[in-house]
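*Asks:* I am sharing start.csv, which consists of CSV, C-alpha atoms and all ligand atoms:
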```
chain,number,residue,atom,x,y,z
A,1,MET,CA,-47.2,6.0,45.4
A,2,MET,CA,-44.7,4.1,47.4
A,3,THR,CA,-44.7,0.6,46.1
A,4,ALA,CA,-43.1,-2.3,47.9
A,5,LEU,CA,-40.7,-4.3,45.8
A,6,PRO,CA,-42.2,-7.8,45.3
A,7,PRO,CA,-40.4,-11.0,46.2
A,8,GLY,CA,-38.0,-11.8,43.4
A,9,SER,CA,-36.8,-8.2,43.2
A,10,THR,CA,-33.0,-7.5,43.5
A,11,ILE,CA,-31.4,-5.3,46.1
A,12,GLY,CA,-27.9,-4.0,45.3
A,13,ILE,CA,-25.5,-3.8,48.2
A,14,LEU,CA,-22.4,-1.6,48.1
A,15,GLY,CA,-19.8,-3.5,50.2
A,16,GLY,CA,-19.2,-7.1,50.6
A,17,GLY,CA,-18.2,-7.6,54.3
A,18,GLN,CA,-20.0,-9.5,57.1
A,19,LEU,CA,-22.8,-6.9,57.3
A,20,GLY,CA,-23.6,-7.4,53.6
A,21,ARG,CA,-23.4,-11.1,54.1
A,22,MET,CA,-26.0,-11.0,56.9
A,23,LEU,CA,-28.2,-8.6,54.9
A,24,ALA,CA,-28.1,-10.9,51.9
A,25,LEU,CA,-29.1,-13.9,54.1
A,26,SER,CA,-32.0,-12.0,55.5
A,27,ALA,CA,-33.1,-10.8,52.1
A,28,ALA,CA,-33.1,-14.4,50.9
A,29,GLN,CA,-35.5,-15.3,53.7
A,30,LEU,CA,-38.0,-12.8,52.2
A,31,GLY,CA,-37.6,-14.1,48.6
A,32,LEU,CA,-35.5,-11.0,47.7
A,33,LYS,CA,-32.2,-11.4,45.8
A,34,CYS,CA,-29.0,-9.5,46.4
A,35,HIS,CA,-26.3,-8.3,44.0
A,36,ILE,CA,-23.2,-7.3,45.9
A,37,TYR,CA,-20.7,-4.7,44.6
A,38,THR,CA,-17.4,-5.1,46.4
A,39,ASP,CA,-13.7,-4.6,45.8
A,40,VAL,CA,-12.8,-7.9,47.7
A,41,PRO,CA,-14.3,-11.2,46.6
A,42,GLY,CA,-15.7,-13.7,49.1
A,43,GLY,CA,-17.7,-12.5,52.2
A,44,ALA,CA,-21.1,-11.5,51.2
A,45,CYS,CA,-20.6,-12.7,47.6
A,46,ASP,CA,-20.6,-16.3,48.9
A,47,VAL,CA,-24.3,-16.0,49.9
A,48,ALA,CA,-25.7,-13.6,47.3
A,49,ALA,CA,-27.4,-14.2,44.0
A,50,SER,CA,-24.8,-12.2,42.1
A,51,ALA,CA,-21.7,-10.2,42.7
A,52,THR,CA,-19.6,-7.6,40.9
A,53,VAL,CA,-16.0,-7.2,41.9
A,54,GLY,CA,-14.5,-3.8,41.1
A,55,PRO,CA,-13.1,-0.6,42.7
A,56,PHE,CA,-15.5,1.9,44.3
A,57,GLU,CA,-13.9,4.6,42.2
A,58,ASP,CA,-15.1,3.0,39.0
A,59,THR,CA,-18.3,4.9,38.6
A,60,ASP,CA,-19.1,3.3,35.2
A,61,LYS,CA,-19.0,-0.1,36.8
A,62,ILE,CA,-21.2,1.1,39.7
A,63,ARG,CA,-23.7,2.5,37.2
A,64,ALA,CA,-23.7,-0.8,35.3
A,65,PHE,CA,-24.3,-2.7,38.6
A,66,ALA,CA,-27.1,-0.3,39.6
A,67,GLU,CA,-28.8,-1.1,36.2
A,68,THR,CA,-29.2,-4.7,37.3
A,69,VAL,CA,-31.0,-4.0,40.6
A,70,ASP,CA,-34.3,-2.4,41.9
A,71,VAL,CA,-32.8,-0.4,44.8
A,72,VAL,CA,-29.3,0.1,46.2
A,73,THR,CA,-28.2,0.1,49.8
A,74,TYR,CA,-24.8,0.0,51.5
A,75,GLU,CA,-23.1,-1.8,54.3
A,76,PHE,CA,-20.2,0.5,55.2
A,77,GLU,CA,-20.2,4.2,55.7
A,78,ASN,CA,-17.0,5.0,53.7
A,79,VAL,CA,-18.7,4.3,50.3
A,80,PRO,CA,-17.3,7.2,48.2
A,81,LEU,CA,-19.9,9.8,47.7
A,82,GLU,CA,-19.2,9.7,43.9
A,83,ALA,CA,-20.1,5.9,44.0
A,84,ALA,CA,-23.3,6.6,45.8
A,85,ALA,CA,-24.2,9.4,43.3
A,86,ALA,CA,-23.4,7.2,40.3
A,87,ALA,CA,-25.7,4.5,41.7
A,88,GLU,CA,-28.4,7.1,42.4
A,89,SER,CA,-28.3,8.3,38.8
A,90,VAL,CA,-29.7,4.8,37.9
A,91,ALA,CA,-31.7,3.4,40.9
A,92,PRO,CA,-33.0,4.7,44.3
A,93,VAL,CA,-30.3,4.6,47.0
A,94,ARG,CA,-31.6,4.0,50.5
A,95,PRO,CA,-30.6,5.3,52.9
A,96,GLY,CA,-29.9,8.5,50.8
A,97,PRO,CA,-26.3,9.7,50.3
A,98,LYS,CA,-26.9,12.6,52.8
A,99,ALA,CA,-26.5,10.1,55.6
A,100,LEU,CA,-23.2,8.9,54.1
A,101,ALA,CA,-21.9,12.5,53.8
A,102,VAL,CA,-22.8,13.3,57.4
A,103,ALA,CA,-21.4,10.0,58.9
A,104,GLN,CA,-18.1,10.1,56.9
A,105,ASP,CA,-16.9,13.3,58.5
A,106,ARG,CA,-16.8,13.6,62.3
A,107,LEU,CA,-16.9,17.4,62.1
A,108,GLU,CA,-20.0,17.3,59.8
A,109,GLU,CA,-21.6,14.7,62.0
A,110,LYS,CA,-21.1,16.5,65.3
A,111,THR,CA,-22.2,19.8,63.7
A,112,PHE,CA,-25.3,18.3,62.2
A,113,ILE,CA,-26.3,16.5,65.4
A,114,SER,CA,-25.8,19.4,67.7
A,115,ALA,CA,-27.7,21.7,65.3
A,116,LEU,CA,-30.7,19.4,66.1
A,117,GLY,CA,-30.4,20.2,69.7
A,118,ILE,CA,-29.0,16.8,70.5
A,119,ALA,CA,-26.0,16.6,72.9
A,120,VAL,CA,-22.6,15.5,71.7
A,121,ALA,CA,-19.2,15.7,73.4
A,122,PRO,CA,-17.7,19.2,73.3
A,123,PHE,CA,-15.7,19.4,70.0
A,124,ALA,CA,-13.5,21.7,68.0
A,125,SER,CA,-12.2,21.6,64.5
A,126,VAL,CA,-8.4,21.1,64.0
A,127,SER,CA,-7.3,21.7,60.5
A,128,SER,CA,-3.7,22.9,61.2
A,129,ALA,CA,-1.3,23.0,64.1
A,130,ALA,CA,-2.4,26.6,64.7
A,131,ASP,CA,-5.9,25.3,65.7
A,132,LEU,CA,-4.5,23.0,68.5
A,133,ALA,CA,-4.2,25.6,71.4
A,134,PRO,CA,-7.6,27.3,70.7
A,135,ALA,CA,-9.2,23.8,70.4
A,136,ALA,CA,-7.8,22.8,73.8
A,137,ARG,CA,-9.1,26.0,75.3
A,138,ALA,CA,-12.6,25.3,73.9
A,139,VAL,CA,-13.0,21.7,74.9
A,140,GLY,CA,-10.7,21.2,77.9
A,141,GLU,CA,-7.3,19.8,78.6
A,142,THR,CA,-8.3,16.1,78.5
A,143,GLY,CA,-9.8,14.8,75.3
A,144,ILE,CA,-9.4,12.7,72.2
A,145,LEU,CA,-8.0,13.9,69.0
A,146,LYS,CA,-9.7,12.1,66.1
A,147,THR,CA,-9.3,12.3,62.4
A,148,ARG,CA,-12.4,13.6,60.7
A,149,ARG,CA,-12.4,10.8,58.2
A,150,LEU,CA,-11.7,7.1,58.0
A,151,GLY,CA,-11.5,6.3,61.7
A,152,TYR,CA,-13.2,3.2,63.0
A,153,ASP,CA,-12.8,0.7,65.8
A,154,GLY,CA,-10.7,3.2,67.7
A,155,LYS,CA,-8.3,3.8,64.8
A,156,GLY,CA,-7.3,7.4,63.9
A,157,GLN,CA,-7.7,8.6,67.4
A,158,ILE,CA,-5.3,9.5,70.3
A,159,ARG,CA,-6.1,10.1,74.0
A,160,ILE,CA,-4.8,13.5,75.2
A,161,LYS,CA,-4.1,14.0,78.9
A,162,SER,CA,-2.8,17.6,78.6
A,163,ALA,CA,-2.7,20.3,75.9
A,164,ALA,CA,1.1,19.8,75.8
A,165,GLU,CA,0.5,16.4,74.1
A,166,LEU,CA,-1.5,17.8,71.3
A,167,PRO,CA,1.3,18.7,68.8
A,168,ALA,CA,2.8,15.2,68.9
A,169,ALA,CA,-0.6,13.6,68.6
A,170,PHE,CA,-1.5,15.7,65.6
A,171,GLU,CA,1.8,14.7,64.0
A,172,MET,CA,1.0,11.0,64.7
A,173,LEU,CA,-2.2,11.6,62.8
A,174,LYS,CA,0.0,13.0,60.0
A,175,GLY,CA,-1.7,16.4,60.3
A,176,ALA,CA,-4.9,15.0,58.9
A,177,PRO,CA,-8.0,17.3,59.4
A,178,SER,CA,-9.2,16.3,62.8
A,179,VAL,CA,-11.6,17.2,65.7
A,180,LEU,CA,-10.6,17.5,69.3
A,181,GLU,CA,-13.3,16.1,71.5
A,182,GLY,CA,-13.5,16.7,75.2
A,183,PHE,CA,-13.2,13.5,77.3
A,184,VAL,CA,-16.6,12.3,78.4
A,185,PRO,CA,-16.7,10.7,81.9
A,186,PHE,CA,-19.4,8.2,80.9
A,187,ALA,CA,-20.8,5.5,83.2
A,188,TYR,CA,-21.3,3.2,80.2
A,189,GLU,CA,-22.0,3.1,76.5
A,190,VAL,CA,-25.3,2.1,74.9
A,191,SER,CA,-26.6,2.3,71.3
A,192,VAL,CA,-29.9,2.8,69.6
A,193,LEU,CA,-30.8,0.6,66.7
A,194,VAL,CA,-33.6,2.6,65.0
A,195,VAL,CA,-35.3,1.5,61.8
A,196,ARG,CA,-37.3,3.9,59.6
A,197,SER,CA,-39.5,2.7,56.8
A,198,LEU,CA,-40.0,4.3,53.4
A,199,SER,CA,-43.3,5.8,54.6
A,200,GLY,CA,-41.6,7.2,57.7
A,201,GLU,CA,-42.7,4.7,60.3
A,202,ILE,CA,-40.0,4.4,63.1
A,203,ARG,CA,-39.3,1.4,65.3
A,204,PHE,CA,-36.6,0.7,67.9
A,205,TYR,CA,-34.9,-2.3,69.3
A,206,ASP,CA,-34.1,-2.5,73.0
A,207,LEU,CA,-30.9,-0.7,73.8
A,208,PRO,CA,-27.8,-2.8,74.3
A,209,LEU,CA,-25.1,-2.0,76.8
A,210,ASN,CA,-21.8,-2.1,74.9
A,211,THR,CA,-18.3,-2.9,76.1
A,212,HIS,CA,-15.1,-2.5,74.0
A,213,LYS,CA,-11.7,-4.2,74.0
A,214,ASP,CA,-8.7,-2.5,72.3
A,215,GLY,CA,-11.1,0.0,70.7
A,216,ILE,CA,-13.3,-2.8,69.2
A,217,LEU,CA,-16.8,-3.7,70.3
A,218,ASP,CA,-16.5,-6.8,72.6
A,219,THR,CA,-20.0,-7.4,73.9
A,220,SER,CA,-23.5,-6.1,73.6
A,221,THR,CA,-25.9,-7.0,76.4
A,222,VAL,CA,-29.7,-6.6,76.5
A,223,PRO,CA,-31.4,-5.5,78.6
A,224,SER,CA,-29.1,-2.7,79.6
A,225,PRO,CA,-29.3,-1.1,83.1
A,226,LEU,CA,-30.6,2.1,81.5
A,227,SER,CA,-33.9,3.3,83.0
A,228,ALA,CA,-37.0,3.4,80.9
A,229,LEU,CA,-36.9,7.2,81.1
A,230,HIS,CA,-33.4,7.5,79.7
A,231,ALA,CA,-34.0,4.7,77.1
A,232,GLY,CA,-37.0,6.7,75.9
A,233,ARG,CA,-34.9,9.8,75.7
A,234,ALA,CA,-32.2,8.0,73.8
A,235,CYS,CA,-34.8,6.7,71.3
A,236,GLU,CA,-36.2,10.2,70.8
A,237,MET,CA,-32.6,11.5,70.1
A,238,ALA,CA,-32.1,8.7,67.5
A,239,ALA,CA,-35.4,9.3,65.9
A,240,GLY,CA,-34.7,13.0,65.6
A,241,ILE,CA,-31.5,12.2,63.7
A,242,ALA,CA,-33.2,9.6,61.4
A,243,LYS,CA,-36.0,12.1,60.6
A,244,ALA,CA,-33.6,14.9,59.9
A,245,LEU,CA,-31.7,12.7,57.4
A,246,ASP,CA,-35.0,11.5,55.9
A,247,TYR,CA,-33.5,8.1,56.6
A,248,VAL,CA,-34.7,4.7,55.3
A,249,GLY,CA,-33.3,1.6,56.9
A,250,VAL,CA,-31.5,0.8,60.1
A,251,LEU,CA,-29.4,3.5,61.7
A,252,GLY,CA,-27.0,2.8,64.6
A,253,VAL,CA,-26.6,5.6,67.1
A,254,GLU,CA,-23.8,5.1,69.6
A,255,MET,CA,-24.3,7.0,72.9
A,256,PHE,CA,-22.5,7.7,76.1
A,257,TYR,CA,-24.6,7.5,79.3
A,258,LEU,CA,-23.2,9.8,82.0
A,259,GLY,CA,-25.5,8.9,84.9
A,260,PRO,CA,-28.8,10.2,86.0
A,261,ASP,CA,-27.5,13.4,87.7
A,262,ALA,CA,-25.3,14.6,84.8
A,263,PRO,CA,-26.6,17.8,83.1
A,264,GLU,CA,-26.8,15.8,79.9
A,265,PRO,CA,-27.3,12.2,80.9
A,266,LEU,CA,-27.0,11.0,77.2
A,267,MET,CA,-24.6,12.2,74.5
A,268,VAL,CA,-24.3,10.9,70.9
A,269,ASN,CA,-20.8,9.6,70.2
A,270,GLU,CA,-21.3,8.7,66.5
A,271,ILE,CA,-23.8,7.4,64.0
A,272,ALA,CA,-23.5,4.5,61.6
A,273,PRO,CA,-25.8,4.7,58.5
A,274,ARG,CA,-26.2,1.0,58.3
A,275,VAL,CA,-26.9,-2.1,60.3
A,276,HIS,CA,-24.6,-2.1,63.4
A,277,ASN,CA,-22.4,-4.6,65.2
A,278,SER,CA,-24.2,-3.7,68.5
A,279,GLY,CA,-27.4,-5.0,66.9
A,280,HIS,CA,-26.2,-8.5,66.0
A,281,TRP,CA,-28.0,-10.0,69.0
A,282,THR,CA,-31.3,-9.2,67.2
A,283,MET,CA,-30.7,-12.2,64.9
A,284,ASP,CA,-31.5,-14.6,67.7
A,285,ALA,CA,-33.4,-12.6,70.4
A,286,CYS,CA,-35.9,-10.8,68.2
A,287,LEU,CA,-38.7,-11.9,66.0
A,288,VAL,CA,-37.3,-9.8,63.1
A,289,SER,CA,-33.6,-8.9,63.1
A,290,GLN,CA,-32.0,-5.6,62.3
A,291,PHE,CA,-30.8,-7.2,59.0
A,292,GLU,CA,-34.3,-8.2,57.9
A,293,ASN,CA,-35.8,-4.9,59.0
A,294,HIS,CA,-33.1,-3.0,57.0
A,295,MET,CA,-34.0,-5.1,53.9
A,296,ARG,CA,-37.7,-4.5,54.5
A,297,ALA,CA,-37.2,-0.8,54.8
A,298,VAL,CA,-35.1,-0.4,51.7
A,299,ALA,CA,-37.6,-2.6,49.7
A,300,GLY,CA,-40.5,-0.4,50.9
A,301,TRP,CA,-42.1,-3.2,52.9
A,302,PRO,CA,-43.9,-2.8,56.2
A,303,LEU,CA,-41.4,-3.0,59.1
A,304,GLY,CA,-41.3,-6.2,61.1
A,305,PRO,CA,-41.7,-6.4,64.9
A,306,THR,CA,-38.6,-5.4,66.9
A,307,THR,CA,-39.9,-7.3,69.9
A,308,ARG,CA,-37.3,-9.1,72.0
A,309,HIS,CA,-38.1,-12.6,73.3
A,310,ALA,CA,-35.0,-13.4,75.3
A,311,ASP,CA,-32.2,-11.8,77.3
A,312,VAL,CA,-28.9,-12.0,75.3
A,313,THR,CA,-25.2,-11.2,75.3
A,314,MET,CA,-23.6,-10.9,71.9
A,315,THR,CA,-19.8,-11.5,72.0
A,316,ASN,CA,-17.6,-10.7,69.0
A,317,LEU,CA,-15.1,-13.3,67.9
A,318,ILE,CA,-12.0,-11.3,67.1
A,319,GLY,CA,-9.0,-12.9,65.4
A,320,ALA,CA,-7.9,-16.1,67.1
A,321,ASP,CA,-11.2,-16.3,69.2
A,322,VAL,CA,-12.7,-18.0,66.2
A,323,ASN,CA,-10.4,-21.0,66.7
A,324,HIS,CA,-12.8,-22.1,69.6
A,325,TRP,CA,-15.6,-22.6,67.1
A,326,GLN,CA,-16.1,-26.2,68.0
A,327,ALA,CA,-16.5,-25.5,71.7
A,328,LEU,CA,-18.8,-22.5,70.9
A,329,ALA,CA,-20.9,-24.6,68.6
A,330,ALA,CA,-21.4,-27.2,71.4
A,331,GLU,CA,-22.6,-24.6,73.9
A,332,PRO,CA,-26.2,-24.9,74.9
A,333,ASP,CA,-28.3,-21.7,74.4
A,334,ALA,CA,-25.8,-20.1,72.1
A,335,ALA,CA,-26.1,-19.2,68.5
A,336,LEU,CA,-22.8,-19.1,66.5
A,337,HIS,CA,-22.4,-16.9,63.5
A,338,LEU,CA,-19.2,-17.2,61.4
A,339,TYR,CA,-18.4,-14.8,58.5
A,340,GLY,CA,-16.4,-17.2,56.4
A,341,LYS,CA,-13.3,-15.1,56.4
A,342,PRO,CA,-10.2,-17.2,55.4
A,343,GLU,CA,-7.6,-15.8,57.8
A,344,ALA,CA,-8.0,-15.0,61.5
A,345,ARG,CA,-5.8,-11.9,61.6
A,346,PRO,CA,-5.5,-10.1,65.0
A,347,GLY,CA,-8.3,-7.4,65.3
A,348,ARG,CA,-10.4,-8.9,62.5
A,349,LYS,CA,-14.0,-9.6,63.1
A,350,MET,CA,-14.5,-13.3,62.4
A,351,GLY,CA,-17.9,-14.0,63.8
A,352,HIS,CA,-20.0,-13.5,66.9
A,353,VAL,CA,-21.9,-15.6,69.4
A,354,ASN,CA,-25.3,-14.8,70.9
A,355,ARG,CA,-25.8,-16.4,74.3
A,356,LEU,CA,-29.5,-16.4,75.2
A,357,LYS,CA,-31.3,-16.6,78.5
A,358,PRO,CA,-35.0,-16.5,79.3
A,359,ARG,CA,-36.4,-13.0,79.2
A,360,SER,CA,-36.0,-11.4,82.7
B,1,LIG,P1,-15.3,6.1,68.3
B,1,LIG,O1,-14.3,5.6,67.2
B,1,LIG,O2,-15.5,7.6,68.2
B,1,LIG,O3,-16.5,5.3,68.4
B,1,LIG,O4,-14.5,5.8,69.7
B,1,LIG,C1,-14.2,4.5,70.1
B,1,LIG,C2,-14.4,4.4,71.6
B,1,LIG,O5,-13.5,5.4,72.3
B,1,LIG,C3,-15.8,4.8,72.1
B,1,LIG,O6,-16.6,3.7,72.0
B,1,LIG,C4,-15.5,5.2,73.6
B,1,LIG,O7,-15.3,4.0,74.4
B,1,LIG,C5,-14.2,5.9,73.5
B,1,LIG,N1,-14.4,7.4,73.2
B,1,LIG,C6,-14.6,8.0,72.1
B,1,LIG,N2,-14.8,9.3,72.2
B,1,LIG,C7,-14.8,9.5,73.5
B,1,LIG,C8,-14.9,10.7,74.3
B,1,LIG,N3,-15.1,11.9,73.7
B,1,LIG,N4,-14.8,10.6,75.6
B,1,LIG,C9,-14.6,9.4,76.2
B,1,LIG,N5,-14.4,8.3,75.5
B,1,LIG,C10,-14.5,8.3,74.2
```
Here is the file; what I need is its structure written in the form of structure tokens.
Ligand code: AMP
*Replies:*
Amino acid sequence: MMTALPPGSTIGILGGGQLGRMLALSAAQLGLKCHIYTDVPGGACDVAASATVGPFEDTDKIRAFAETVDVVTYEFENVPLEAAAAAESVAPVRPGPKALAVAQDRLEEKTFISALGIAVAPFASVSSAADLAPAARAVGETGILKTRRLGYDGKGQIRIKSAAELPAAFEMLKGAPSVLEGFVPFAYEVSVLVVRSLSGEIRFYDLPLNTHKDGILDTSTVPSPLSALHAGRACEMAAGIAKALDYVGVLGVEMFYLGPDAPEPLMVNEIAPRVHNSGHWTMDACLVSQFENHMRAVAGWPLGPTTRHADVTMTNLIGADVNHWQALAAEPDAALHLYGKPEARPGRKMGHVNRLKPRS
């Protein structure tokens, strides 16, 4: 029997950043409590019922934390697998650690997704300098060399314009195990926010068009120009991944759209086993946000409607952008979300603003 956790239950969240914070706020709306486990105080801890501050390597502490909660989820994909396993020895972990294992390693991720018959950029493994030339032959002269692990927001990756640049690039990545990806001539980038319940029901949000600045997500706009046909195909691809992972919760699937005439119009770039920055617009333009639906799913509740009632552009506030908070707060038709971070360092996500228009 799959029993929904009743209001008053406690959800443990591994990670205490802005995603954990917005998850905890949504949980509170449903009468659910959150206990945050984080190595940095502040952030999500400021809005949760309880918090434990400790390193993710301290599996005894993680187990003790898991003892105090009814279910555990996570808000960043680099939760050490040992930490997830320690939590799982005490309480259910949703989504399951398999999603973490796949998403933490670009080679595993691409291998897993392409084995499902879902298109990804051409890729080749690079574990030593000897692999560089064969990798370039396999994927082409122009590409991107990316570390297998711990890359995000464009970090740990280098554009390659010819095979001659590869040795220096590999050195810049300190010889870390990497993948070489062929350069994808995409028209634009979209993402699928898919949510899967404990009983296997799947719902999607409308697909946002995503733009980046300096490797960091800048805007997500809905509706995107993607045709209904391709949006449907993108959703099928995302659902295929969610099912194959026996996933519970919100999964972000970043995709390249190459145009209607490309042999593969859509390719998966990467997956995020968590709520996703490109879904922050759902907080104000949907009946139930990605955060609430993630909490519903992990608590075994029925999913909420993903219906969108407005057109919207979400813009991230990076670093000093947040200094304009007074002007942003005074804008009509805009919802401002600030993450309560003390210092507006360059490249740091400080908040976002959702600008709404009547639904077209
Ligand atoms: P990632 O960290 O893999 O999400 O990459 C960050 C950004 O780099 C993506 O959102 C794309 O804009 C760009 N990018 C990554 N991989 C490729 C690729 N194989 N071809 C073209 N652009 C890419």
*Asks:* Smallest atom-to-atom distance to Thr38 in chain A: which of A:Ala119, A:Ala4, A:Ile13, A:Val312, using only C-alpha atoms?
*Replies:* A:Ile13
*Asks:* Pick out the residues sitting within 12 Å of Arg233 in chain A, and hand them over as a ChimeraX atom specification; count only C-alpha atoms, and ignore anything fewer than 2 positions along from it in its own chain.
*Replies:* /A:118-119,192,207,226-231,235-240,255,257,260,264-268
*Asks:* Taking only residues of chain A that have an atom at most 8 Å from an atom of ligand LIG 1 (chain B), what is each one's shortest atom pair and its distance in Å to one decimal, using all atoms listed in the file, in chain and number order, as JSON lines?
*Replies:*
```
{"residue": "A:Ala121", "atom": "CA", "partner": "B:LIG1", "partner_atom": "N3", "distance": 5.6}
{"residue": "A:Pro122", "atom": "CA", "partner": "B:LIG1", "partner_atom": "N3", "distance": 7.8}
{"residue": "A:Gly143", "atom": "CA", "partner": "B:LIG1", "partner_atom": "N3", "distance": 6.2}
{"residue": "A:Ile144", "atom": "CA", "partner": "B:LIG1", "partner_atom": "N3", "distance": 5.9}
{"residue": "A:Lys146", "atom": "CA", "partner": "B:LIG1", "partner_atom": "O2", "distance": 7.6}
{"residue": "A:Gly151", "atom": "CA", "partner": "B:LIG1", "partner_atom": "O1", "distance": 6.2}
{"residue": "A:Tyr152", "atom": "CA", "partner": "B:LIG1", "partner_atom": "O1", "distance": 5.0}
{"residue": "A:Asp153", "atom": "CA", "partner": "B:LIG1", "partner_atom": "O1", "distance": 5.3}
{"residue": "A:Gly154", "atom": "CA", "partner": "B:LIG1", "partner_atom": "O1", "distance": 4.4}
{"residue": "A:Lys155", "atom": "CA", "partner": "B:LIG1", "partner_atom": "O1", "distance": 6.7}
{"residue": "A:Gly156", "atom": "CA", "partner": "B:LIG1", "partner_atom": "O1", "distance": 7.9}
{"residue": "A:Gln157", "atom": "CA", "partner": "B:LIG1", "partner_atom": "O1", "distance": 7.3}
{"residue": "A:Glu181", "atom": "CA", "partner": "B:LIG1", "partner_atom": "N3", "distance": 5.1}
{"residue": "A:Gly182", "atom": "CA", "partner": "B:LIG1", "partner_atom": "N3", "distance": 5.3}
{"residue": "A:Phe183", "atom": "CA", "partner": "B:LIG1", "partner_atom": "N4", "distance": 3.7}
{"residue": "A:Val184", "atom": "CA", "partner": "B:LIG1", "partner_atom": "N4", "distance": 3.7}
{"residue": "A:Pro185", "atom": "CA", "partner": "B:LIG1", "partner_atom": "C9", "distance": 6.2}
{"residue": "A:Phe186", "atom": "CA", "partner": "B:LIG1", "partner_atom": "C9", "distance": 6.8}
{"residue": "A:Glu189", "atom": "CA", "partner": "B:LIG1", "partner_atom": "O6", "distance": 7.1}
{"residue": "A:Thr211", "atom": "CA", "partner": "B:LIG1", "partner_atom": "O7", "distance": 7.7}
{"residue": "A:His212", "atom": "CA", "partner": "B:LIG1", "partner_atom": "O7", "distance": 6.5}
{"residue": "A:Gly215", "atom": "CA", "partner": "B:LIG1", "partner_atom": "C1", "distance": 5.5}
{"residue": "A:Ile216", "atom": "CA", "partner": "B:LIG1", "partner_atom": "C1", "distance": 7.4}
{"residue": "A:Leu217", "atom": "CA", "partner": "B:LIG1", "partner_atom": "O6", "distance": 7.6}
{"residue": "A:Glu254", "atom": "CA", "partner": "B:LIG1", "partner_atom": "O3", "distance": 7.4}
{"residue": "A:Phe256", "atom": "CA", "partner": "B:LIG1", "partner_atom": "C4", "distance": 7.8}
{"residue": "A:Asn269", "atom": "CA", "partner": "B:LIG1", "partner_atom": "O2", "distance": 6.0}
{"residue": "A:Glu270", "atom": "CA", "partner": "B:LIG1", "partner_atom": "O2", "distance": 6.1}
```
*Asks:* With distances taken over all atoms listed in the file, which residue among A:Thr142, A:Ser224, A:Thr59, A:Ser178 lies nearest Ser128 in chain A?
*Replies:* A:Ser178
*Asks:* List the neighbours of Arg348 in chain A out to 9 Å using all atoms listed in the file; skip same-chain residues closer than 5 positions along the sequence, and give me the result as a compact mmCIF listing (two decimals) with C-alpha atoms, keeping the file's coordinate frame.
*Replies:*
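Result went into out20.txt, see below:
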```
# COMPACT_ATOMS: atom_id res chain seq x y z
CA LEU A 317 -15.10 -13.30 67.90
CA ILE A 318 -12.00 -11.30 67.10
CA GLY A 319 -9.00 -12.90 65.40
CA ALA A 320 -7.90 -16.10 67.10
CA GLU A 343 -7.60 -15.80 57.80
```
*Asks:* Report the distance between CA of Thr147 in chain A and CA of Leu173 in chain A in Å, rounded to one decimal place.
*Replies:*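 Computed distance, CA of Thr147 in chain A to CA of Leu173 in chain A, equals 7.1 Å.
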